[in-house]
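What follows is a single structure, written as structure tokens, with notes after it.
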Amino acid sequence: MKIKVLMVCLGNICRSPLAEGVLKDMVNRSGHSHLYHIDSAGTASYHIGDLPDHRSRQVAINHGFKLSHLGRQFTREDFKNFDHILVMDESNLSNVLKLARSADEETKVKLITKYDPRPNHPLIVFDPYYGELSDFENVYEQLVICCEGFLESLKEN
Ligand code: 4NP
């Protein structure tokens with residue numbers, strides 16, 4: 001049984017496809033990609049079918065991997081298809097939790113920053129959409145720390 005992880009943000013073009021790429025890159029590098037199914041989705045429908053934002057794609061290339069995800073909207077079916085639903089901010093959290101139909105579905109949903117082990121770490125992954133490439137680079141650095149913490153948490157459980 002694969003560990004199924006869904007990264008969720010608002011538009012599914014900036015943060016969550018980058019989070020998907022970061023986690024895939026990590027498990028590829030450790031030779032464990034066969035153990036995981038990793039995907040991403042947005043709570044909004046604005047960017048269905050779109051490639052990730054060019055700045056997320058640039059940051060990925062700068063770090064040695066490519067993003068080829070096409071935007072899709074989060075649906076209730078995702079609660080059935082995934083074990084871990086990792087969201088980027090409180091707005092994503094409330095939008096996803098509104099669609100949950102049971103406590104079991106609710107417990108699958110977590111802020112990805114929960115896995116950041118640094119004291120006084122940021123509580124959300126800020127939306128870089130109106131920012132610059134350096135904001136996307138900062139998102140990347142934060143996502144690496146969160147994804148490392150997430151993979152560590154799986155070892156503990
Ligand atoms: P994301 O960023 O949620 O990280 O993909 C956004 C992308 C697009 C929009 C908002 C946020 N938008 O309003 O189109």
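Residue names in the structure tokens use chain letters A, B, ... in the order shown, residue numbers from 1 in each chain, and ligand numbers from 1 in the order shown.
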
task = Identify all residues of chain A in alpha helix (DSSP H) (DSSP on the backbone) and supply them as a PyMOL selection string.
result = chain A and resi 15-29+54-62+77-81+90-97+103-107+133-156

task = Using only C-alpha atoms and all ligand atoms, find each residue with an atom at most 6 Å away from ligand 1 and format the answer as a count of residues only.
result = 10

Select from stretch 44-74 of chain A every residue with an atom at most 12 Å from any atom of stretch 89-107 of chain A, then for each give the shortest pair of atoms and their distance in Å to one decimal, using only C-alpha atoms, rows by chain and rising number, as a tab-separated table.
```
residue	atom	partner	partner_atom	distance
A:Ala44	CA	A:Asn95	CA	9.3
A:Gln73	CA	A:Val96	CA	10.9
A:Phe74	CA	A:Val96	CA	7.9
```

task = Find the residues around A:Gly64 up to 12 Å (only C-alpha atoms counted), leave out those fewer than 3 positions away in its own chain, and share them as a ChimeraX atom specification.
result = /A:21-22,24-26,28-29,57-61,67

A:Tyr36 environment, 10 Å, only C-alpha atoms, sequence neighbours closer than 3 positions dropped, as a VMD selection string = chain A and resid 1 to 5 23 to 24 27 to 28 32 to 33 39

Emit the selected residues as a PDB file, in the first residue's frame, including N, CA, C and O atoms.
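Final output, again.pdb:
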```pdb
ATOM      1  N   MET A   1       0.839  -1.212   0.000  1.00  0.00           N
ATOM      2  CA  MET A   1       0.000   0.000   0.000  1.00  0.00           C
ATOM      3  C   MET A   1       0.873   1.262   0.000  1.00  0.00           C
ATOM      4  O   MET A   1       1.697   1.447   0.880  1.00  0.00           O
ATOM      5  N   LYS A   2       0.647   2.094  -1.013  1.00  0.00           N
ATOM      6  CA  LYS A   2       1.427   3.340  -1.075  1.00  0.00           C
ATOM      7  C   LYS A   2       0.913   4.347  -0.054  1.00  0.00           C
ATOM      8  O   LYS A   2      -0.264   4.326   0.315  1.00  0.00           O
ATOM      9  N   ILE A   3       1.804   5.243   0.361  1.00  0.00           N
ATOM     10  CA  ILE A   3       1.425   6.384   1.192  1.00  0.00           C
ATOM     11  C   ILE A   3       0.979   7.482   0.232  1.00  0.00           C
ATOM     12  O   ILE A   3       1.744   7.897  -0.640  1.00  0.00           O
ATOM     13  N   LYS A   4      -0.273   7.910   0.379  1.00  0.00           N
ATOM     14  CA  LYS A   4      -0.848   8.844  -0.596  1.00  0.00           C
ATOM     15  C   LYS A   4      -0.951  10.241   0.007  1.00  0.00           C
ATOM     16  O   LYS A   4      -1.624  10.441   1.013  1.00  0.00           O
ATOM     17  N   VAL A   5      -0.249  11.180  -0.624  1.00  0.00           N
ATOM     18  CA  VAL A   5      -0.119  12.536  -0.084  1.00  0.00           C
ATOM     19  C   VAL A   5      -0.640  13.542  -1.106  1.00  0.00           C
ATOM     20  O   VAL A   5      -0.200  13.539  -2.267  1.00  0.00           O
ATOM     21  N   LEU A  23       8.443  17.144  -2.552  1.00  0.00           N
ATOM     22  CA  LEU A  23       8.312  15.832  -1.893  1.00  0.00           C
ATOM     23  C   LEU A  23       8.673  14.697  -2.864  1.00  0.00           C
ATOM     24  O   LEU A  23       9.360  13.738  -2.476  1.00  0.00           O
ATOM     25  N   LYS A  24       8.236  14.823  -4.117  1.00  0.00           N
ATOM     26  CA  LYS A  24       8.594  13.796  -5.120  1.00  0.00           C
ATOM     27  C   LYS A  24      10.108  13.739  -5.302  1.00  0.00           C
ATOM     28  O   LYS A  24      10.685  12.647  -5.396  1.00  0.00           O
ATOM     29  N   VAL A  27      11.706  11.867  -2.315  1.00  0.00           N
ATOM     30  CA  VAL A  27      11.536  10.411  -2.287  1.00  0.00           C
ATOM     31  C   VAL A  27      12.238   9.756  -3.479  1.00  0.00           C
ATOM     32  O   VAL A  27      12.715   8.629  -3.372  1.00  0.00           O
ATOM     33  N   ASN A  28      12.347  10.494  -4.593  1.00  0.00           N
ATOM     34  CA  ASN A  28      13.140   9.990  -5.726  1.00  0.00           C
ATOM     35  C   ASN A  28      14.593   9.844  -5.319  1.00  0.00           C
ATOM     36  O   ASN A  28      15.222   8.817  -5.576  1.00  0.00           O
ATOM     37  N   HIS A  32      12.842   5.915  -2.728  1.00  0.00           N
ATOM     38  CA  HIS A  32      11.600   5.424  -2.130  1.00  0.00           C
ATOM     39  C   HIS A  32      10.343   5.835  -2.903  1.00  0.00           C
ATOM     40  O   HIS A  32       9.236   5.750  -2.378  1.00  0.00           O
ATOM     41  N   SER A  33      10.523   6.274  -4.150  1.00  0.00           N
ATOM     42  CA  SER A  33       9.367   6.829  -4.870  1.00  0.00           C
ATOM     43  C   SER A  33       8.262   5.791  -5.081  1.00  0.00           C
ATOM     44  O   SER A  33       7.087   6.146  -5.140  1.00  0.00           O
ATOM     45  N   ASP A  39       0.415  14.038  -5.138  1.00  0.00           N
ATOM     46  CA  ASP A  39      -0.332  14.850  -6.111  1.00  0.00           C
ATOM     47  C   ASP A  39      -0.588  16.214  -5.466  1.00  0.00           C
ATOM     48  O   ASP A  39      -0.242  16.449  -4.291  1.00  0.00           O
TER      49      ASP A  39
END
```

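Atom CA of A:His63 sits 20.1 Å away from atom CA of A:Asp116.
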